[in-house]
>>> print(open('input-v6.txt').read())   # compact mmCIF, C-alpha atoms
# COMPACT_ATOMS: atom_id res chain seq x y z
CA MET L 1 -90.93 55.70 24.13
CA LEU L 2 -93.38 58.40 25.10
CA ARG L 3 -96.43 58.06 27.27
CA ILE L 4 -99.13 60.74 27.41
CA MET L 5 -100.24 61.61 30.93
CA GLY L 6 -103.51 63.51 31.11
CA ASN L 7 -104.28 65.87 28.26
CA ILE L 8 -101.23 68.08 28.06
CA ARG L 9 -98.18 66.55 29.75
CA LYS L 10 -95.89 64.11 27.95
CA PHE L 11 -93.57 61.88 29.92
CA VAL L 12 -90.45 60.05 28.84
CA VAL L 13 -90.75 56.52 30.19
CA LEU L 14 -87.69 55.57 32.18
CA VAL L 15 -87.14 52.19 33.78
CA LEU L 16 -84.65 52.12 36.62
CA ALA L 17 -84.42 48.48 37.46
CA ALA L 18 -81.19 47.54 39.15
CA ALA L 19 -78.87 49.90 37.33
CA ALA L 20 -78.33 52.12 40.34
CA ILE L 21 -77.67 49.41 42.92
CA PRO L 22 -77.27 45.66 42.52
CA VAL L 23 -80.03 43.33 43.64
CA ALA L 24 -79.02 40.45 45.86
CA VAL L 25 -79.84 37.19 44.18
CA GLY L 26 -79.25 33.53 44.63
CA CYS L 27 -79.12 33.53 48.42
CA ALA L 28 -81.75 32.14 50.75
CA THR L 29 -80.93 34.50 53.60
CA ASP L 30 -82.19 37.93 54.55
CA ARG L 31 -78.71 39.40 54.12
CA PRO L 32 -76.99 40.63 50.98
CA PRO L 33 -74.32 38.31 49.57
CA ALA L 34 -70.76 38.72 50.82
CA GLN L 35 -68.80 41.05 48.54
CA GLN L 36 -65.07 41.57 48.15
CA GLY L 37 -63.52 44.95 47.50
CA SER L 38 -63.80 48.60 48.37
CA PHE L 39 -67.21 50.27 48.10
CA HIS L 40 -68.66 53.74 48.49
CA LYS L 41 -70.69 54.35 51.62
CA PRO L 42 -74.40 53.84 50.71
CA ASP L 43 -76.36 57.09 50.51
CA LEU L 44 -79.88 56.29 49.32
CA VAL L 45 -82.16 59.25 48.63
CA GLU L 46 -85.79 59.36 47.63
CA LEU L 47 -86.34 60.69 44.12
CA SER L 48 -89.58 62.48 44.95
CA ARG L 49 -87.79 64.49 47.66
CA LEU L 50 -85.18 65.70 45.18
CA ASP L 51 -87.74 66.60 42.53
CA PRO L 52 -91.49 66.15 43.14
CA GLY L 53 -92.02 66.62 39.38
CA ILE L 54 -90.61 63.16 38.70
CA HIS L 55 -93.61 60.85 38.48
CA LEU L 56 -93.57 57.34 39.94
CA ASP L 57 -95.39 54.24 38.73
CA ILE L 58 -94.06 51.66 41.19
CA ARG L 59 -96.01 48.63 39.98
CA TYR L 60 -94.25 46.30 42.43
CA ALA L 61 -96.20 48.05 45.21
CA THR L 62 -99.54 47.13 43.57
CA ALA L 63 -101.48 44.10 42.39
CA ASP L 64 -100.70 45.35 38.86
CA SER L 65 -97.19 43.86 39.15
CA ILE L 66 -95.87 40.93 37.16
CA VAL L 67 -96.69 38.62 40.09
CA HIS L 68 -100.22 40.08 40.45
CA ARG L 69 -99.71 41.13 44.06
CA PRO L 70 -97.74 43.83 45.86
CA VAL L 71 -94.06 42.98 46.35
CA TYR L 72 -93.10 46.30 48.00
CA ARG L 73 -94.96 47.72 51.00
CA GLU L 74 -94.69 51.28 49.71
CA ALA L 75 -94.67 52.91 46.27
CA ARG L 76 -91.38 54.79 46.68
CA ALA L 77 -88.19 55.05 44.62
CA PHE L 78 -84.74 55.39 46.16
CA LEU L 79 -81.37 55.60 44.39
CA GLN L 80 -77.80 56.18 45.46
CA ARG L 81 -77.36 59.97 45.70
CA PRO L 82 -75.17 60.43 42.56
CA ALA L 83 -77.63 58.43 40.42
CA ALA L 84 -80.62 60.26 41.93
CA GLN L 85 -79.01 63.64 41.28
CA ALA L 86 -78.26 62.62 37.69
CA ILE L 87 -81.88 61.51 37.18
CA THR L 88 -83.02 64.86 38.60
CA ARG L 89 -80.78 66.74 36.16
CA ALA L 90 -82.04 64.60 33.25
CA HIS L 91 -85.62 65.29 34.34
CA ARG L 92 -85.01 69.03 34.37
CA GLU L 93 -83.42 68.83 30.91
CA VAL L 94 -86.40 67.05 29.33
CA ALA L 95 -88.83 69.22 31.34
CA SER L 96 -87.42 72.26 29.55
CA LYS L 97 -88.72 70.65 26.35
CA GLY L 98 -92.16 69.84 27.80
CA TYR L 99 -91.45 66.28 28.90
CA GLY L 100 -90.91 64.54 32.23
CA LEU L 101 -89.73 61.24 33.67
CA LEU L 102 -91.92 58.35 34.78
CA VAL L 103 -89.96 55.99 37.04
CA PHE L 104 -91.04 52.38 37.42
CA ASP L 105 -88.42 51.15 39.91
CA GLY L 106 -85.30 52.07 41.83
CA TYR L 107 -83.36 50.46 44.67
CA ARG L 108 -84.79 47.08 45.60
CA PRO L 109 -84.51 45.75 49.22
CA TYR L 110 -81.97 42.99 49.29
CA ALA L 111 -84.12 40.20 50.91
CA GLY L 112 -85.91 39.52 47.59
CA GLY L 113 -89.06 37.58 48.53
CA THR L 114 -90.02 35.12 51.23
CA GLY L 115 -87.73 32.38 52.50
CA GLN L 116 -89.69 29.84 50.47
CA GLN L 117 -89.44 31.95 47.31
CA ARG L 118 -85.69 32.39 47.77
CA ALA L 119 -85.28 28.66 48.35
CA ARG L 120 -87.11 27.92 45.09
CA ARG L 121 -84.97 30.49 43.28
CA ASP L 122 -81.86 28.80 44.67
CA LEU L 123 -83.16 25.40 43.50
CA LEU L 124 -83.65 26.75 39.98
CA ARG L 125 -80.23 28.37 39.97
CA ALA L 126 -78.50 25.17 41.14
CA ALA L 127 -80.22 23.11 38.42
CA MET L 128 -79.36 25.65 35.71
CA GLU L 129 -75.73 26.02 36.82
CA LYS L 130 -75.36 22.23 36.88
CA GLU L 131 -76.23 22.24 33.16
CA GLY L 132 -73.73 24.95 32.23
CA PHE L 133 -75.75 28.11 32.63
CA THR L 134 -74.56 31.17 34.53
CA VAL L 135 -76.84 33.71 36.13
CA GLU L 136 -76.71 37.46 35.64
CA GLU L 137 -76.01 38.62 39.19
CA ASN L 138 -78.38 41.57 38.92
CA GLU L 139 -81.17 39.56 37.27
CA TRP L 140 -81.72 36.21 39.00
CA TRP L 141 -84.13 35.14 36.23
CA HIS L 142 -81.60 35.79 33.42
CA PHE L 143 -79.42 32.80 32.52
CA ASN L 144 -76.70 32.55 29.86
CA PHE L 145 -75.36 29.29 28.47
CA ARG L 146 -71.65 28.71 29.09
CA ASP L 147 -70.40 29.37 25.55
CA TRP L 148 -72.77 32.15 24.51
CA LYS L 149 -69.82 34.47 23.82
CA ASP L 150 -68.59 32.06 21.12
CA TYR L 151 -71.59 32.85 18.91
CA PRO L 152 -72.13 36.01 16.87
CA ILE L 153 -75.00 38.38 17.57
CA LEU L 154 -77.66 37.72 14.93
CA ASN L 155 -80.55 39.58 13.40
CA ILE L 156 -82.28 36.85 11.41
CA PRO L 157 -86.07 36.98 11.05
CA PHE L 158 -87.80 33.83 12.32
CA GLU L 159 -89.19 33.09 8.87
CA SER L 160 -85.63 32.91 7.47
CA ILE L 161 -84.42 30.25 9.90
CA PRO L 162 -84.47 26.83 8.14
>>> encode(input="input-v6.txt", output="C-alpha cells")
Amino acid sequence: MLRIMGNIRKFVVLVLAAAAIPVAVGCATDRPPAQQGSFHKPDLVELSRLDPGIHLDIRYATADSIVHRPVYREARAFLQRPAAQAITRAHREVASKGYGLLVFDGYRPYAGGTGQQRARRDLLRAAMEKEGFTVEENEWWHFNFRDWKDYPILNIPFESIP
C-alpha cells in the first residue's frame, strides 16, 4: 500500500504492531507476565534517532486512535535494536527508489491500560476461555475457537454460502 505525503514524496506504509516485542496481555497488574526460558537482554532504541527520515504516525498518542483518546503519552517508536536496525536498512533500500517508511507503532509499554481496563479485559478473557476460546498472546482482542485448526482455510464469497 502506498500513501502520498505532500506533493512529491511517496511512503510505503508499514505497521509495526507487536512484531518486534510481545505485548503483555491478560494480566491485571502493572508488571509483564512471568515468562520461562532464556531471553536476550532488552535493548530498545528509538527509530527516529537511527534514521530521522523514517516518518512516524503514532495514532495511539492522539485522539485519532481507535479509542478516540491518547493511549500513549508521547508519539515515539521504539524497537529492539536488531529490529530497529533492520527497519532502518529497509527504509534506506526503499528510499533509494524514492519511497520511505511510515511507522504507526512499535514497542508498547507492558501495563496496557488502567487497572479497571485490565480487569475488564481479564473478565472477557475468562468468559471466552471458559467457552473454549484461546487468546493470541500478542493480541488480547484476538480469540480462536478450540478446534479452528481442524477446519480448512476457505476463500468462499459470502454470496456463495448457502
>>> closest_residue(input="input-v6.txt", among="L:Leu47, L:Ile54, L:Ala75, L:Val135", to="L:Gly100", atoms="all atoms listed in the file")
L:Ile54
>>> residues_around(input="input-v6.txt", residues="L:Gly132", least_positions_apart="3", cutoff="10 Å", atoms="all atoms listed in the file", output="list in words")
Ala127, Met128, Glu129, Phe143, Asn144, Phe145, Arg146 and Asp147 of chain L
>>> closest_residue(input="input-v6.txt", among="L:Thr62, L:Thr88, L:Asn155, L:Thr114", to="L:Leu102", atoms="only C-alpha atoms")
L:Thr88
>>> closest_residue(input="input-v6.txt", among="L:Ile161, L:Ala63, L:Leu56, L:Leu50", to="L:Ala86", atoms="all atoms listed in the file")
L:Leu50
>>> residues_around(input="input-v6.txt", residues="stretch 37-42 of chain L", least_positions_apart="2", cutoff="9 Å", atoms="all atoms listed in the file", output="list in words")
Gln35, Leu44, Gln80 and Arg81 of chain L
>>> atom_distance(input="input-v6.txt", atom1="atom CA of L:Arg73", atom2="atom CA of L:Ala90")
27.7 Å
>>> atom_distance(input="input-v6.txt", atom1="atom CA of L:Trp141", atom2="atom CA of L:Ser160")
28.9 Å
>>> closest_residue(input="input-v6.txt", among="L:Ala34, L:Asp51, L:Trp148, L:Leu79", to="L:Phe133", atoms="only C-alpha atoms")
L:Trp148
>>> closest_residue(input="input-v6.txt", among="L:Gly113, L:His68, L:Phe158, L:Gly53", to="L:Arg92", atoms="all atoms listed in the file")
L:Gly53
>>> atom_distance(input="input-v6.txt", atom1="atom CA of L:Phe104", atom2="atom CA of L:Ile66")
12.4 Å
>>> residues_around(input="input-v6.txt", residues="L:Val71", least_positions_apart="2", cutoff="7 Å", atoms="only C-alpha atoms", output="list in words")
Tyr60, Ala61, Arg69 and Arg73 of chain L
